[in-house]
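Please read the structure below before turning to the comments.
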Amino acid sequence: MDRRRFLAGTGAVLLATPLAAWAQQAAKVYRVGLLGGSPPNSPGGRRAWEGFFQGMRELGYVEGQNILVEGRWYGDRTDRLPALAAELVRLNVDVIVAGAAPAPEAAQRATSRIPIVMANHNDPVGSGLVASLPNPGRNVSGLSTLAPELVGKRLQLLKQAIPESPAWPCSRIRPRHPRRSS
(Lines give C-alpha, C1' and ligand atoms only; values in the text may rest on other atoms or scores of the structure.)
Protein backbone atom coordinates (compact mmCIF):
# COMPACT_ATOMS: atom_id res chain seq x y z
CA MET A 1 0.00 0.00 0.00
CA ASP A 2 2.82 2.38 0.83
CA ARG A 3 4.46 1.57 -2.50
CA ARG A 4 1.24 2.45 -4.37
CA ARG A 5 0.92 5.74 -2.54
CA PHE A 6 4.52 6.54 -3.29
CA LEU A 7 4.13 5.77 -7.00
CA ALA A 8 0.87 7.70 -7.24
CA GLY A 9 2.40 10.67 -5.47
CA THR A 10 5.52 10.59 -7.61
CA GLY A 11 3.41 10.35 -10.76
CA ALA A 12 1.29 13.31 -9.68
CA VAL A 13 4.40 15.38 -8.98
CA LEU A 14 5.92 14.47 -12.34
CA LEU A 15 2.72 15.40 -14.16
CA ALA A 16 2.23 18.64 -12.22
CA THR A 17 5.80 19.88 -12.56
CA PRO A 18 5.51 20.98 -16.22
CA LEU A 19 2.18 22.67 -15.48
CA ALA A 20 3.62 24.49 -12.47
CA ALA A 21 6.63 25.61 -14.48
CA TRP A 22 4.35 26.83 -17.25
CA ALA A 23 2.08 28.68 -14.79
CA GLN A 24 4.99 30.32 -12.98
CA GLN A 25 6.82 31.78 -15.94
CA ALA A 26 8.88 34.80 -15.09
CA ALA A 27 6.99 38.07 -15.39
CA LYS A 28 8.03 40.35 -18.20
CA VAL A 29 10.75 42.82 -17.33
CA TYR A 30 9.89 46.13 -18.98
CA ARG A 31 12.61 48.38 -20.35
CA VAL A 32 11.97 52.04 -19.67
CA GLY A 33 14.03 54.61 -21.52
CA LEU A 34 14.52 57.97 -19.82
CA LEU A 35 15.57 60.91 -21.97
CA GLY A 36 16.29 64.17 -20.23
CA GLY A 37 18.71 66.91 -19.39
CA SER A 38 19.81 65.77 -15.94
CA PRO A 39 20.27 62.29 -14.47
CA PRO A 40 18.26 61.33 -11.36
CA ASN A 41 21.38 61.35 -9.18
CA SER A 42 22.17 65.02 -9.92
CA PRO A 43 20.68 67.86 -7.82
CA GLY A 44 18.41 69.10 -10.62
CA GLY A 45 17.57 65.63 -11.84
CA ARG A 46 16.66 64.38 -8.39
CA ARG A 47 13.81 66.88 -8.15
CA ALA A 48 12.69 66.17 -11.69
CA TRP A 49 12.72 62.35 -11.57
CA GLU A 50 11.99 61.62 -7.88
CA GLY A 51 8.22 61.67 -8.37
CA PHE A 52 8.47 59.40 -11.38
CA PHE A 53 10.42 56.72 -9.52
CA GLN A 54 8.18 57.01 -6.45
CA GLY A 55 5.07 56.58 -8.61
CA MET A 56 6.59 53.54 -10.30
CA ARG A 57 7.33 51.97 -6.91
CA GLU A 58 3.76 52.66 -5.76
CA LEU A 59 2.51 50.85 -8.86
CA GLY A 60 4.69 47.86 -8.00
CA TYR A 61 7.53 48.46 -10.46
CA VAL A 62 10.92 47.84 -8.88
CA GLU A 63 14.08 48.58 -10.79
CA GLY A 64 16.03 45.38 -11.37
CA GLN A 65 13.00 43.16 -10.66
CA ASN A 66 10.28 44.01 -13.17
CA ILE A 67 11.71 47.09 -14.88
CA LEU A 68 15.08 48.04 -16.26
CA VAL A 69 15.79 51.74 -16.65
CA GLU A 70 17.97 52.96 -19.49
CA GLY A 71 18.74 56.64 -18.93
CA ARG A 72 20.26 58.97 -21.50
CA TRP A 73 21.16 62.54 -20.49
CA TYR A 74 22.11 65.43 -22.72
CA GLY A 75 23.00 68.04 -20.08
CA ASP A 76 23.33 71.37 -21.85
CA ARG A 77 24.22 69.73 -25.19
CA THR A 78 20.91 69.47 -27.01
CA ASP A 79 22.84 68.57 -30.17
CA ARG A 80 23.31 65.10 -28.60
CA LEU A 81 19.55 64.45 -28.36
CA PRO A 82 19.04 62.78 -31.77
CA ALA A 83 21.80 60.25 -31.08
CA LEU A 84 20.59 59.56 -27.54
CA ALA A 85 16.98 59.06 -28.68
CA ALA A 86 18.16 56.76 -31.49
CA GLU A 87 20.17 54.76 -28.94
CA LEU A 88 17.05 54.17 -26.83
CA VAL A 89 15.22 53.00 -29.95
CA ARG A 90 18.07 50.58 -30.76
CA LEU A 91 17.85 49.22 -27.20
CA ASN A 92 14.20 48.40 -28.01
CA VAL A 93 12.80 49.97 -24.84
CA ASP A 94 9.09 49.47 -24.17
CA VAL A 95 8.44 53.17 -23.49
CA ILE A 96 10.42 56.40 -23.60
CA VAL A 97 9.81 58.91 -20.82
CA ALA A 98 11.06 62.23 -22.12
CA GLY A 99 11.62 65.22 -19.85
CA ALA A 100 10.93 68.78 -20.92
CA ALA A 101 11.35 70.11 -24.46
CA PRO A 102 13.28 69.43 -26.65
CA ALA A 103 13.57 65.80 -25.47
CA PRO A 104 10.04 64.70 -26.56
CA GLU A 105 10.62 66.15 -30.05
CA ALA A 106 13.89 64.22 -30.41
CA ALA A 107 12.21 61.01 -29.24
CA GLN A 108 9.35 61.46 -31.70
CA ARG A 109 11.75 62.01 -34.59
CA ALA A 110 13.57 58.82 -33.59
CA THR A 111 10.50 56.53 -33.48
CA SER A 112 6.85 56.34 -34.41
CA ARG A 113 6.51 52.85 -32.90
CA ILE A 114 7.61 53.17 -29.26
CA PRO A 115 5.20 55.03 -26.94
CA ILE A 116 6.60 58.34 -25.67
CA VAL A 117 5.44 59.95 -22.44
CA MET A 118 6.45 63.59 -22.11
CA ALA A 119 6.97 64.64 -18.54
CA ASN A 120 6.34 68.32 -19.17
CA HIS A 121 5.86 70.38 -22.30
CA ASN A 122 4.89 73.99 -22.86
CA ASP A 123 3.07 73.58 -26.17
CA PRO A 124 2.79 70.01 -27.48
CA VAL A 125 0.12 70.97 -30.03
CA GLY A 126 2.03 73.95 -31.39
CA SER A 127 5.24 71.96 -31.64
CA GLY A 128 3.48 69.19 -33.57
CA LEU A 129 4.01 66.50 -30.94
CA VAL A 130 0.29 65.83 -30.57
CA ALA A 131 -2.75 66.51 -32.70
CA SER A 132 -4.72 67.95 -29.76
CA LEU A 133 -4.66 67.79 -25.97
CA PRO A 134 -7.78 65.62 -25.61
CA ASN A 135 -6.80 63.31 -28.50
CA PRO A 136 -3.02 63.30 -28.87
CA GLY A 137 -2.92 60.66 -31.61
CA ARG A 138 0.42 59.28 -32.76
CA ASN A 139 2.76 57.78 -30.16
CA VAL A 140 3.19 60.77 -27.81
CA SER A 141 1.18 61.56 -24.70
CA GLY A 142 1.89 63.13 -21.35
CA LEU A 143 1.64 66.37 -19.43
CA SER A 144 1.39 69.90 -20.78
CA THR A 145 1.71 73.16 -18.93
CA LEU A 146 -0.09 75.00 -21.71
CA ALA A 147 -3.83 75.18 -21.56
CA PRO A 148 -4.90 78.12 -23.74
CA GLU A 149 -8.54 77.51 -22.93
CA LEU A 150 -7.74 78.32 -19.29
CA VAL A 151 -6.18 81.75 -19.87
CA GLY A 152 -9.55 83.52 -19.64
CA LYS A 153 -10.47 81.61 -16.49
CA ARG A 154 -7.12 82.46 -14.90
CA LEU A 155 -7.65 86.14 -15.61
CA GLN A 156 -11.18 85.92 -14.17
CA LEU A 157 -9.86 84.31 -10.98
CA LEU A 158 -7.08 86.89 -10.71
CA LYS A 159 -9.57 89.71 -11.07
CA GLN A 160 -11.78 88.15 -8.36
CA ALA A 161 -8.79 87.74 -6.06
CA ILE A 162 -7.77 91.37 -6.55
CA PRO A 163 -10.95 93.34 -7.24
CA GLU A 164 -10.96 96.83 -8.78
CA SER A 165 -7.92 98.43 -7.31
CA PRO A 166 -5.95 101.52 -8.36
CA ALA A 167 -2.84 99.35 -8.34
CA TRP A 168 -4.48 96.82 -10.65
CA PRO A 169 -3.30 97.81 -14.13
CA CYS A 170 -6.02 95.84 -15.88
CA SER A 171 -8.74 97.88 -14.19
CA ARG A 172 -7.94 100.76 -16.56
CA ILE A 173 -7.91 98.57 -19.65
CA ARG A 174 -11.17 98.32 -21.49
CA PRO A 175 -11.65 95.93 -24.36
CA ARG A 176 -11.84 97.51 -27.77
CA HIS A 177 -14.69 96.65 -29.98
CA PRO A 178 -14.10 96.70 -33.70
CA ARG A 179 -15.86 99.48 -35.49
CA ARG A 180 -18.77 98.38 -37.54
CA SER A 181 -18.85 99.47 -41.11
CA SER A 182 -22.13 100.80 -42.31
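All residue names refer to the C-alpha coordinates as shown: chains lettered A, B, ... in order, residues numbered from 1 in each chain, ligands numbered from 1 in order.
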
For this session: Compile the contact shell of Ala48 (chain A) as a PyMOL selection string: residues with an atom at most 10 Å away, counting only C-alpha atoms, same-chain residues fewer than 2 positions apart removed.
Result: chain A and resi 36-40+42-46+50-53+99-100+119

For this session: Would you list the contacts of Val69 (chain A) as a list in words, taking every protein, DNA or RNA residue within 8 Å and counting only C-alpha atoms, but skipping same-chain residues closer than 3 positions in sequence?
Result: Arg31, Val32, Gly33, Leu34 and Glu63 of chain A

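When CA of Glu70 (chain A) is paired with CA of Ile96 (chain A), their separation reads 9.3 Å.
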
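Across the model, the gap from CA of Asp123 (chain A) to CA of Leu157 (chain A) is 22.7 Å.
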
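Residue nearest Ala27 (chain A) within the list A:Ala86, A:Leu133, A:Ile67, A:Ile114: A:Ile67 [criterion: smallest interatomic distance, only C-alpha atoms].
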